[in-house]
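**Q** Handing you this structure, nothing more for now.
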Amino acid sequence: MKPSFVQNRCFARNGWDFHVRKFCRDHDIAYQGFSLLTANVQELRHPNFWAVVDRVEKTPAQVVFRFALQVGMIPLTGTSNPEHMQQDLEALDFELTEDEVLAIEVTRREKRTMLFPEKASRIPATSYPRNNANTA
Ligand SMILES: NC(=O)c1ccc[n+]([C@@H]2O[C@H](COP(=O)([O-])OP(=O)(O)OC[C@H]3O[C@@H](n4cnc5c(N)ncnc54)[C@H](OP(=O)(O)O)[C@@H]3O)[C@@H](O)[C@H]2O)c1
């Protein structure tokens, strides 16, 4: 029997699960992405990502969830904080350009240590051990 949903930890280094998302799209299966923040702490330091955050003047989490919506995911948030939940829901209320979506979709890990130290505190800390088989 065909599943209605696939729920995956979504790694930016795998093109935000590009191939699984494509398979789901081709087979009319809903793709739910989880750990969108905590699985991607390194990638969310990339200057391409911060250029988008700065243009739209939203939080990094809002940009990630908006990106996820625009590539056709159902984004799951792991927050237990009502203020963060409200912010996350506001991802429904703005748009990224096609170029911005693409720039985020191809973002890989930023190997340089910390390009934007003043912004580091705005990136959620990793809460999951990076022990998945996909971990580099
Ligand atoms: N199916 C599965 O196998 C599976 C496995 C793992 C997780 N999940 C589900 O997937 C969902 C998301 O996973 P995750 O916990 O790894 O999530 P996540 O959304 O990547 O990260 C959540 C963490 O980021 C922090 N955070 C800081 N600012 C935030 C903001 N604006 N919005 C959201 N979080 C913010 C949260 O802290 P605060 O609480 O302080 O905001 C929390 O520590 C959860 O509902 C979880 O139950 C499913």
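Residue numbers start at 1 in each chain; chains themselves are named A, B, ... in the order of the structure tokens; ligands are numbered from 1 in the order shown.
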Give as a list in words the residues surrounding ligand 1 up to a distance of 7 Å, considering only C-alpha atoms and all ligand atoms.
**A**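 The residues within 7 Å of ligand 1, counting only C-alpha atoms and all ligand atoms, are Gln7, Asn8, Arg9, Phe34, Ser35, Leu36, Leu37, Thr38, Ala39, Ala61, Gln62, Leu76, Thr77, Gly78, Thr79, Ser80, Asn81, His84, Met85, Gln87, Asp88, Pro124, Ala125, Ser127 and Tyr128 of chain A.
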**Q** Find the residues around Lys2 (chain A) up to 12 Å (only C-alpha atoms counted), leave out those fewer than 4 positions away in its own chain, and share them as a PyMOL selection string.
**A** chain A and resi 6+24+27-30
**Q** Please save C-alpha atoms of the selected residues as a short mmCIF file (atom, residue, chain, number, x, y, z; two decimals), in the first residue's frame.
**A**
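File result_16.cif, as written:
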```cif
data_model
loop_
_atom_site.label_atom_id
_atom_site.label_comp_id
_atom_site.auth_asym_id
_atom_site.auth_seq_id
_atom_site.Cartn_x
_atom_site.Cartn_y
_atom_site.Cartn_z
CA VAL A 6 7.08 10.45 4.32
CA CYS A 24 7.37 11.91 -3.17
CA HIS A 27 4.22 9.61 -6.52
CA ASP A 28 1.82 12.05 -4.90
CA ILE A 29 3.18 11.46 -1.39
CA ALA A 30 3.39 14.34 1.12
#
```
**Q** Smallest atom-to-atom distance to Asn40 (chain A): which of A:Phe11, A:Phe18, A:Phe94, A:Phe67, using only C-alpha atoms?
**A** A:Phe11
**Q** With a distance cut-off of 10 Å and only C-alpha atoms, select the neighbouring residues of Glu98 (chain A), excluding the residue or stretch itself and same-chain residues fewer than 4 positions from it, and output the selection as a VMD selection string.
**A** chain A and resid 67 70 to 71 102 to 103
**Q** Output C-alpha atoms for every residue in the selection just made, as a compact mmCIF listing (two decimals), in the first residue's frame.
**A**
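Contents of out-v1.txt, as written:
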```txt
# COMPACT_ATOMS: atom_id res chain seq x y z
CA PHE A 67 12.03 27.83 2.12
CA GLN A 70 8.18 26.89 -1.15
CA VAL A 71 9.95 23.68 -2.18
CA LEU A 102 17.55 28.01 -5.23
CA ALA A 103 20.43 29.62 -3.32
```
**Q** Using only C-alpha atoms, which of A:Pro47, A:Asp26, A:Val101, A:Gln32 sits nearest Cys10 (chain A)?
**A** A:Gln32
**Q** Which value, in Å to one decimal, gives the distance between CA of Lys58 (chain A) and CA of Glu90 (chain A)?
**A**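 Value for the CA of Lys58 (chain A)-CA of Glu90 (chain A) distance: 9.4 Å.
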**Q** Select from region 61-105 of chain A everything DSSP, run on the backbone, classes as alpha helix (DSSP H), then give the selection as a ChimeraX atom specification.
**A** /A:61-70,82-89,98-105
**Q** Which residue out of A:Val20, A:Ile104, A:Val63, A:Val41 has the minimum interatomic distance to Leu89 (chain A) when only C-alpha atoms are used?
**A** A:Val63
**Q** Could you give me, as a ChimeraX atom specification, each residue of region 3-126 of chain A that DSSP assigns to strand (DSSP E or B) when run on this structure's backbone?
**A** /A:5-9,30-34,74-75
**Q** For C-alpha atoms, I'd like the residues from the last selection saved as an mmCIF file, in the first residue's frame.
**A**
```cif
data_model
loop_
_atom_site.group_PDB
_atom_site.id
_atom_site.type_symbol
_atom_site.label_atom_id
_atom_site.label_comp_id
_atom_site.auth_asym_id
_atom_site.auth_seq_id
_atom_site.Cartn_x
_atom_site.Cartn_y
_atom_site.Cartn_z
ATOM 1 C CA PHE A 5 3.335 10.761 4.038
ATOM 2 C CA VAL A 6 7.079 10.445 4.317
ATOM 3 C CA GLN A 7 8.621 12.065 7.411
ATOM 4 C CA ASN A 8 12.397 12.498 7.222
ATOM 5 C CA ARG A 9 15.132 14.319 9.054
ATOM 6 C CA ALA A 30 3.386 14.337 1.116
ATOM 7 C CA TYR A 31 6.918 15.022 2.354
ATOM 8 C CA GLN A 32 7.311 16.208 5.953
ATOM 9 C CA GLY A 33 10.727 17.534 6.950
ATOM 10 C CA PHE A 34 11.878 17.501 10.563
ATOM 11 C CA ILE A 74 5.351 20.247 5.098
ATOM 12 C CA PRO A 75 7.830 21.682 7.628
#
```
**Q** What does the distance between CA of Ser4 (chain A) and CA of Pro82 (chain A) come to in Å, to one decimal place?
**A**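 Separating CA of Ser4 (chain A) from CA of Pro82 (chain A) is a distance of 29.1 Å.
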**Q** In Å, with one decimal, what is the gap from CA of Ala91 (chain A) to CA of Ala68 (chain A)?
**A**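 Between CA of Ala91 (chain A) and CA of Ala68 (chain A) the gap is 9.6 Å.
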**Q** From the set A:Arg108, A:Asp99, A:Gln86, A:Met1, which residue has the shortest atom-to-atom contact distance to Ala51 (chain A), counting only C-alpha atoms?
**A**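 Result for the nearest residue to Ala51 (chain A): A:Asp99.
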